[in-house]
Amino acid sequence: MPTLLLEIGCEELPASACGEAAEQLPALSERELGAVPTQLFVGPRRLALLFEDVAEQTPDEWLKGPPKGLAEKAAAGFAKKHGVQVADLVVRDGFLGVERPGQPLREVLPDRLDAIVRGLSFSKSMRWDDSGIRFARPVRWRLAKLDGDTVVGQTSFGHRFTHGAVEIPSAGEYAKRLREADVEPDAAERRRQIVEGLDAIGGWSDPAGVLEEVVYLVEKVLVLEGSFDERFLQLPERVVVTAMQSHQRYFPLGGNRFAFVANGGDPELVRAGNENVLEGRLDDASFTFERDVRRGIDELADHLGAITFFKGAGTFADKTDRLRELAAKLGGGEASLEAARLAKADQASELVREFPDLEGYIGAEYARLAGYPEAVSAAIEEQYLPDAARGPLPQTEAGKVLAAADKVDTLETSFSLGHKPSGSRDPYGLRRAAIGLNRLAVEGGLEIPRAMLGDEVREFVEERLEGLLDVPVEYVRAAQASAAPDLGSVARLAESLHAERESPAFEGVYTAYDRAHRLAGKSAGDAAAELDRSLLREEAERALAEGLAEVSINGDVRDALESGATLAPLMERFFEEVLVMDEDPAVRANRLRLLLDVRDTLGRLGDFSQIPR
């Protein structure tokens, strides 16, 4: 069985597009060719798939037609569409259809390769000719080879600056021939070479995580060390590191040294060029930093009224007012309120406009330079934490308050304007904000009242608890329906209910809740507005009402369960001795109200109907 090579050559792809292609190509090739590639080669100028022992003929294909019962009306049209006679149609699983025999792979390859090209979907794509193809960058060549036979195209191409067309004698020699032409096609091998080169220099770091992007920026790995003028070390360290990483994808080495990965070339010439570029960036950063410091953080804050937060959400001055109000509701003290006033000041700084990654951090530096207390400065720096699902939390109380206020405001403002996440789209980072808010409550111990959140936002935020807590989702959903006053209490309640699930007290509460809910829940509209004790005619129902009055659901969950469980035998007696659906409508409505009161009292511990038993 032959080896098949498919190659799509293009202009330099962004690293993000390389990642998208790597995710999609296996499924696309299986759909179009019925096979998954043995090797996948993804780089800035090419996407290639290598299949070993591929079938020389495509599999037979079953074309499903109309149901057998509609044969008289639809069979002729279906047969004509597929170029067969009605007599050639066969029945399978109640449907008419036709078996289309497989075709030689060589004959279908051009169309299947075209389908793979057209099937790739990128977050950002373009058109460049009349073919109608949309791709991340213009496609410049295609190559398909079955062993040594060329089916599509003529040649591959080597390194842009050192080689032109490259003959590929056979599909299996693809990687070898490209390596001879200064191209390493395997992304994993490029990554290994980059790390090996950085380790050889030593002392490298990658705080912004640019390594995975750099893998897709070069075809020939050349790891070099550079340096810059020591005068730039007067800048805050993170400003220097951000200038290295956010634009240039360099790796800090400490002091005035850095490492970088080049796409081949003369080492001395390449080093000098990169040093010049970085010094230019640092010159700009130094100029804007000094100008911002001269203005001071208070003057920067005064200009927030001229900067839009986002369309429909007012200015950053409006957001600042909302942050101060939310910080107060969250119990923030003087440091929290002052940090909220200055939190967005750096949005007016030129340095943040040039390096958005510095927001928060550089505002904190400006606050320190202006003489504000460290509690205020630290809170400003921590306001965006946690900024990832497992990212660090704020370490100061004022920082926790400000971070929570910022997330609440972003969520509430976005939802009020209809900017809710849809599918994989979440341009305002609302899922991340909701997860961060839960982590501030659960891990950070910050009390975040549920009443602060609108109904939609509260539901959205608490749904994220389902993936955050190490308990089955049913217990989290039960706790979400409880009377817990804050997010942390919801989490602790879910964990406690799960921990007590095998206890007699839990079983008693569950049984009492379930029996009350199953009967009265369906007839809630027929229940009295409130319990009338004068209508309690049976001893069993009076005992249940008296027992209910003694139940305490406040405080420790275990104590609450034990208190609630005292209703279980009373409920048992009630259902044995009392006819709920009494002929007297007033008595019936009163008994339904009693059951609803049982359900609602126990329901302060959660919606037990969410928990399967």
# chains A, B, ... in the order shown; residues from 1 in each chain; ligands from 1
>>> residues_around(residues="Ser482 of chain A", least_positions_apart="5", cutoff="6 Å", atoms="only C-alpha atoms", output="ChimeraX atom specification")
/A:604-606
>>> select_by_dssp(residues="segment 181-430 of chain A", states="strand (DSSP E)", output="PyMOL selection string")
chain A and resi 222-227+251-252+257-262
>>> write_last_selection(atoms="all heavy atoms", output="CSV table (one decimal), in the first residue's frame")
chain,number,residue,atom,x,y,z
A,222,LEU,N,17.4,29.0,14.9
A,222,LEU,CA,18.7,29.6,15.2
A,222,LEU,C,18.5,30.4,16.5
A,222,LEU,O,17.8,31.4,16.5
A,222,LEU,CB,19.2,30.5,14.1
A,222,LEU,CG,20.6,31.3,14.4
A,222,LEU,CD1,21.7,30.3,14.6
A,222,LEU,CD2,20.9,32.3,13.3
A,223,VAL,N,19.0,29.9,17.6
A,223,VAL,CA,18.8,30.5,18.9
A,223,VAL,C,20.1,31.4,19.3
A,223,VAL,O,21.2,30.8,19.3
A,223,VAL,CB,18.6,29.5,20.1
A,223,VAL,CG1,18.4,30.2,21.4
A,223,VAL,CG2,17.4,28.6,19.7
A,224,LEU,N,19.9,32.7,19.5
A,224,LEU,CA,21.0,33.6,19.8
A,224,LEU,C,20.8,34.4,21.0
A,224,LEU,O,19.7,34.5,21.5
A,224,LEU,CB,21.2,34.5,18.6
A,224,LEU,CG,21.5,33.9,17.2
A,224,LEU,CD1,21.4,34.9,16.1
A,224,LEU,CD2,22.9,33.2,17.3
A,225,GLU,N,21.9,34.9,21.5
A,225,GLU,CA,21.8,35.8,22.7
A,225,GLU,C,22.1,37.2,22.3
A,225,GLU,O,23.0,37.5,21.4
A,225,GLU,CB,22.9,35.4,23.7
A,225,GLU,CG,22.9,36.2,25.0
A,225,GLU,CD,24.0,35.8,26.0
A,225,GLU,OE1,24.4,34.6,25.8
A,225,GLU,OE2,24.3,36.6,26.9
A,226,GLY,N,21.4,38.2,22.9
A,226,GLY,CA,21.7,39.6,22.6
A,226,GLY,C,21.7,40.4,23.9
A,226,GLY,O,21.5,39.9,25.0
A,227,SER,N,22.0,41.7,23.8
A,227,SER,CA,22.1,42.5,24.9
A,227,SER,C,21.6,43.9,24.6
A,227,SER,O,21.5,44.3,23.4
A,227,SER,CB,23.5,42.6,25.5
A,227,SER,OG,24.4,43.2,24.6
A,251,PHE,N,13.2,36.2,24.9
A,251,PHE,CA,13.2,35.5,26.2
A,251,PHE,C,14.2,36.2,27.1
A,251,PHE,O,15.4,36.3,26.8
A,251,PHE,CB,13.6,34.1,26.0
A,251,PHE,CG,12.7,33.3,25.1
A,251,PHE,CD1,12.9,33.2,23.8
A,251,PHE,CD2,11.5,32.7,25.6
A,251,PHE,CE1,12.1,32.5,22.9
A,251,PHE,CE2,10.7,32.0,24.8
A,251,PHE,CZ,10.9,31.9,23.5
A,252,PRO,N,13.7,36.8,28.3
A,252,PRO,CA,14.6,37.5,29.2
A,252,PRO,C,15.6,36.5,29.8
A,252,PRO,O,15.3,35.4,30.1
A,252,PRO,CB,13.7,38.0,30.3
A,252,PRO,CG,12.3,38.0,29.6
A,252,PRO,CD,12.3,36.9,28.7
A,257,ARG,N,20.4,41.3,29.2
A,257,ARG,CA,20.6,40.2,28.2
A,257,ARG,C,19.2,39.6,27.9
A,257,ARG,O,18.3,39.5,28.7
A,257,ARG,CB,21.5,39.1,28.8
A,257,ARG,CG,22.9,39.6,29.1
A,257,ARG,CD,23.7,38.6,30.0
A,257,ARG,NE,23.7,37.3,29.4
A,257,ARG,CZ,23.2,36.2,30.0
A,257,ARG,NH1,22.5,36.3,31.2
A,257,ARG,NH2,23.3,35.0,29.4
A,258,PHE,N,19.2,39.1,26.7
A,258,PHE,CA,18.0,38.4,26.2
A,258,PHE,C,18.4,37.3,25.2
A,258,PHE,O,19.4,37.4,24.6
A,258,PHE,CB,17.0,39.4,25.6
A,258,PHE,CG,17.4,40.1,24.3
A,258,PHE,CD1,17.1,39.6,23.1
A,258,PHE,CD2,18.3,41.2,24.4
A,258,PHE,CE1,17.5,40.2,21.9
A,258,PHE,CE2,18.7,41.8,23.2
A,258,PHE,CZ,18.3,41.3,22.0
A,259,ALA,N,17.5,36.4,25.0
A,259,ALA,CA,17.7,35.4,23.9
A,259,ALA,C,16.5,35.5,22.9
A,259,ALA,O,15.4,35.9,23.3
A,259,ALA,CB,17.7,34.0,24.5
A,260,PHE,N,16.8,35.1,21.7
A,260,PHE,CA,15.7,35.1,20.7
A,260,PHE,C,16.0,34.0,19.7
A,260,PHE,O,17.0,33.4,19.6
A,260,PHE,CB,15.7,36.5,20.0
A,260,PHE,CG,17.0,36.8,19.2
A,260,PHE,CD1,17.1,36.6,17.8
A,260,PHE,CD2,18.1,37.4,19.8
A,260,PHE,CE1,18.2,36.9,17.1
A,260,PHE,CE2,19.2,37.7,19.1
A,260,PHE,CZ,19.3,37.5,17.8
A,261,VAL,N,14.9,33.7,18.9
A,261,VAL,CA,15.0,32.6,17.9
A,261,VAL,C,14.8,33.3,16.6
A,261,VAL,O,13.8,33.9,16.3
A,261,VAL,CB,13.8,31.6,18.2
A,261,VAL,CG1,13.9,30.5,17.2
A,261,VAL,CG2,13.9,31.0,19.6
A,262,ALA,N,15.8,33.0,15.7
A,262,ALA,CA,15.8,33.6,14.4
A,262,ALA,C,15.5,32.5,13.4
A,262,ALA,O,15.7,31.3,13.6
A,262,ALA,CB,17.1,34.3,14.1
>>> closest_residue(among="A:Ala379, A:Leu535, A:Leu146, A:Ala55", to="Ala586 of chain A", atoms="only C-alpha atoms")
A:Leu535
>>> atom_distance(atom1="atom CA of Ala243 of chain A", atom2="atom CA of Gly280 of chain A")
9.9 Å
>>> select_by_dssp(residues="segment 124-369 of chain A", states="helix (DSSP H, G or I)", output="NGL selection string")
:A and (171-180 or 187-201 or 211-214 or 230-234 or 237-247 or 267-295 or 297-302 or 304-306 or 316-329 or 334-342 or 345-348 or 350-354 or 356-358 or 361-369)
>>> atom_distance(atom1="atom CA of Glu550 of chain A", atom2="atom CA of Arg599 of chain A")
14.7 Å
>>> residues_around(residues="Gly19 of chain A", least_positions_apart="2", cutoff="12 Å", atoms="only C-alpha atoms", output="ChimeraX atom specification")
/A:13-17,21-25,40-44,47,120-123,136,187,212-217
>>> closest_residue(among="A:Asp284, A:Leu5, A:Arg341, A:Lys80", to="Gly153 of chain A", atoms="only C-alpha atoms")
A:Leu5
>>> residues_around(residues="segment 160-167 of chain A", least_positions_apart="6", cutoff="12 Å", atoms="only C-alpha atoms", output="JSON, numbers by chain")
{"A": [9, 10, 11, 12, 44, 45, 46, 141, 143, 145, 148, 149, 150, 153, 154, 173, 174, 175, 176, 177, 178, 179, 180, 181, 182, 183, 218, 219, 220, 263, 264, 265, 266]}
>>> residues_around(residues="segment 311-316 of chain A", least_positions_apart="6", cutoff="7 Å", atoms="only C-alpha atoms", output="list in words")
Leu304, Gly305, Lys344 and Thr413 of chain A
>>> residues_around(residues="Gly436 of chain A", least_positions_apart="2", cutoff="9 Å", atoms="only C-alpha atoms", output="list in words")
Leu385, Pro386, Asp387, Ala388, Ala389, Gly391, Leu393, Ala403, Ala404, Lys407, Arg431, Arg432, Ala433, Ala434, Asn438, Arg439, Leu440 and Ala441 of chain A
>>> closest_residue(among="A:Glu365, A:Leu402, A:Leu278, A:Val36", to="Lys329 of chain A", atoms="only C-alpha atoms")
A:Leu402
>>> closest_residue(among="A:Glu397, A:Asp556, A:Glu577, A:Glu456", to="Glu412 of chain A", atoms="only C-alpha atoms")
A:Glu456
>>> closest_residue(among="A:Ala568, A:Met452, A:Ile8, A:Ala499", to="Thr155 of chain A", atoms="only C-alpha atoms")
A:Ile8
>>> atom_distance(atom1="atom CA of Arg390 of chain A", atom2="atom CA of Ala188 of chain A")
25.5 Å
>>> residues_around(residues="segment 351-357 of chain A", least_positions_apart="5", cutoff="10 Å", atoms="only C-alpha atoms", output="MDAnalysis selection string")
chainID A and resid 208 238:239 242:243 246:247 281 284:292 346 362:363
>>> write_last_selection(atoms="all heavy atoms", output="short mmCIF file (atom, residue, chain, number, x, y, z; two decimals), in the first residue's frame")
data_model
loop_
_atom_site.label_atom_id
_atom_site.label_comp_id
_atom_site.auth_asym_id
_atom_site.auth_seq_id
_atom_site.Cartn_x
_atom_site.Cartn_y
_atom_site.Cartn_z
N ALA A 208 5.45 35.50 29.66
CA ALA A 208 4.25 35.72 28.83
C ALA A 208 3.87 34.48 28.04
O ALA A 208 2.87 34.49 27.32
CB ALA A 208 4.47 36.89 27.88
N ARG A 238 9.30 44.86 34.70
CA ARG A 238 8.23 44.29 33.86
C ARG A 238 8.04 45.09 32.58
O ARG A 238 7.61 44.53 31.56
CB ARG A 238 6.91 44.24 34.65
CG ARG A 238 5.83 43.49 33.92
CD ARG A 238 4.72 43.10 34.86
NE ARG A 238 3.50 42.76 34.15
CZ ARG A 238 2.35 42.47 34.73
NH1 ARG A 238 2.27 42.47 36.04
NH2 ARG A 238 1.28 42.17 34.03
N VAL A 239 8.35 46.37 32.59
CA VAL A 239 8.28 47.16 31.35
C VAL A 239 9.30 46.62 30.36
O VAL A 239 9.01 46.44 29.17
CB VAL A 239 8.52 48.65 31.65
CG1 VAL A 239 8.60 49.45 30.34
CG2 VAL A 239 7.42 49.20 32.54
N THR A 242 8.15 43.17 29.14
CA THR A 242 7.01 43.29 28.23
C THR A 242 7.45 43.77 26.86
O THR A 242 6.97 43.28 25.83
CB THR A 242 5.95 44.23 28.82
OG1 THR A 242 5.50 43.70 30.07
CG2 THR A 242 4.76 44.36 27.89
N ALA A 243 8.38 44.73 26.84
CA ALA A 243 8.91 45.20 25.55
C ALA A 243 9.58 44.06 24.80
O ALA A 243 9.48 43.96 23.57
CB ALA A 243 9.89 46.34 25.79
N SER A 246 6.12 41.07 24.34
CA SER A 246 4.82 41.31 23.72
C SER A 246 4.94 41.62 22.23
O SER A 246 4.05 41.28 21.45
CB SER A 246 4.10 42.46 24.43
OG SER A 246 4.77 43.68 24.24
N HIS A 247 6.02 42.28 21.83
CA HIS A 247 6.18 42.61 20.41
C HIS A 247 7.23 41.74 19.72
O HIS A 247 7.05 41.34 18.58
CB HIS A 247 6.57 44.09 20.26
CG HIS A 247 5.44 45.04 20.55
ND1 HIS A 247 4.40 45.24 19.70
CD2 HIS A 247 5.20 45.82 21.63
CE1 HIS A 247 3.55 46.13 20.21
NE2 HIS A 247 4.02 46.48 21.39
N ARG A 281 12.48 49.86 20.85
CA ARG A 281 11.28 49.66 21.68
C ARG A 281 11.49 50.22 23.08
O ARG A 281 10.61 50.86 23.65
CB ARG A 281 10.97 48.16 21.77
CG ARG A 281 10.48 47.52 20.49
CD ARG A 281 9.04 47.87 20.24
NE ARG A 281 8.53 47.20 19.06
CZ ARG A 281 7.39 47.48 18.47
NH1 ARG A 281 6.64 48.46 18.96
NH2 ARG A 281 6.99 46.83 17.40
N ASP A 284 11.33 54.01 23.20
CA ASP A 284 9.94 54.48 23.21
C ASP A 284 9.32 54.29 24.58
O ASP A 284 8.63 55.18 25.09
CB ASP A 284 9.11 53.72 22.17
CG ASP A 284 9.53 54.05 20.74
OD1 ASP A 284 10.18 55.09 20.54
OD2 ASP A 284 9.20 53.25 19.83
N ALA A 285 9.55 53.11 25.19
CA ALA A 285 8.98 52.83 26.50
C ALA A 285 9.51 53.79 27.55
O ALA A 285 8.76 54.28 28.40
CB ALA A 285 9.28 51.39 26.90
N SER A 286 10.81 54.08 27.48
CA SER A 286 11.43 54.99 28.45
C SER A 286 10.85 56.39 28.33
O SER A 286 10.53 57.04 29.34
CB SER A 286 12.94 55.02 28.23
OG SER A 286 13.57 55.87 29.17
N PHE A 287 10.66 56.85 27.10
CA PHE A 287 10.12 58.19 26.86
C PHE A 287 8.71 58.31 27.42
O PHE A 287 8.38 59.26 28.14
CB PHE A 287 10.15 58.49 25.37
CG PHE A 287 9.54 59.81 25.01
CD1 PHE A 287 10.24 61.00 25.22
CD2 PHE A 287 8.27 59.89 24.45
CE1 PHE A 287 9.68 62.23 24.90
CE2 PHE A 287 7.71 61.10 24.12
CZ PHE A 287 8.41 62.27 24.34
N THR A 288 7.83 57.32 27.08
CA THR A 288 6.44 57.41 27.53
C THR A 288 6.33 57.20 29.04
O THR A 288 5.50 57.83 29.69
CB THR A 288 5.57 56.36 26.79
OG1 THR A 288 6.17 55.07 26.94
CG2 THR A 288 5.48 56.67 25.31
N PHE A 289 7.16 56.33 29.61
CA PHE A 289 7.14 56.12 31.05
C PHE A 289 7.47 57.42 31.78
O PHE A 289 6.77 57.82 32.72
CB PHE A 289 8.13 55.02 31.43
CG PHE A 289 8.28 54.81 32.90
CD1 PHE A 289 7.32 54.13 33.62
CD2 PHE A 289 9.40 55.29 33.58
CE1 PHE A 289 7.47 53.93 35.00
CE2 PHE A 289 9.55 55.10 34.94
CZ PHE A 289 8.57 54.41 35.65
N GLU A 290 8.52 58.09 31.35
CA GLU A 290 8.93 59.32 32.02
C GLU A 290 7.86 60.41 31.88
O GLU A 290 7.61 61.17 32.82
CB GLU A 290 10.26 59.80 31.44
CG GLU A 290 11.44 58.88 31.83
CD GLU A 290 12.71 59.22 31.08
OE1 GLU A 290 12.71 60.22 30.33
OE2 GLU A 290 13.71 58.49 31.24
N ARG A 291 7.21 60.44 30.71
CA ARG A 291 6.17 61.45 30.52
C ARG A 291 4.95 61.15 31.41
O ARG A 291 4.37 62.07 32.00
CB ARG A 291 5.74 61.51 29.05
CG ARG A 291 4.72 62.62 28.78
CD ARG A 291 4.78 63.12 27.36
NE ARG A 291 4.49 62.07 26.39
CZ ARG A 291 4.51 62.28 25.07
NH1 ARG A 291 4.86 63.47 24.60
NH2 ARG A 291 4.23 61.31 24.23
N ASP A 292 4.59 59.88 31.52
CA ASP A 292 3.47 59.52 32.40
C ASP A 292 3.78 59.86 33.85
O ASP A 292 2.92 60.34 34.59
CB ASP A 292 3.19 58.01 32.29
CG ASP A 292 2.48 57.63 30.99
OD1 ASP A 292 1.92 58.53 30.34
OD2 ASP A 292 2.50 56.44 30.64
N ASP A 346 -4.38 54.18 34.61
CA ASP A 346 -3.35 53.90 33.61
C ASP A 346 -3.94 53.68 32.21
O ASP A 346 -3.20 53.58 31.23
CB ASP A 346 -2.48 52.71 34.02
CG ASP A 346 -3.24 51.41 34.21
OD1 ASP A 346 -4.43 51.35 33.84
OD2 ASP A 346 -2.63 50.44 34.72
N ILE A 362 1.39 48.87 35.70
CA ILE A 362 2.06 50.17 35.59
C ILE A 362 1.29 51.22 36.39
O ILE A 362 1.87 52.17 36.92
CB ILE A 362 2.25 50.59 34.12
CG1 ILE A 362 3.40 51.59 34.00
CG2 ILE A 362 0.97 51.17 33.52
CD1 ILE A 362 4.74 51.05 34.44
N GLY A 363 -0.05 51.03 36.51
CA GLY A 363 -0.82 51.94 37.36
C GLY A 363 -0.34 51.84 38.81
O GLY A 363 -0.25 52.85 39.52
#
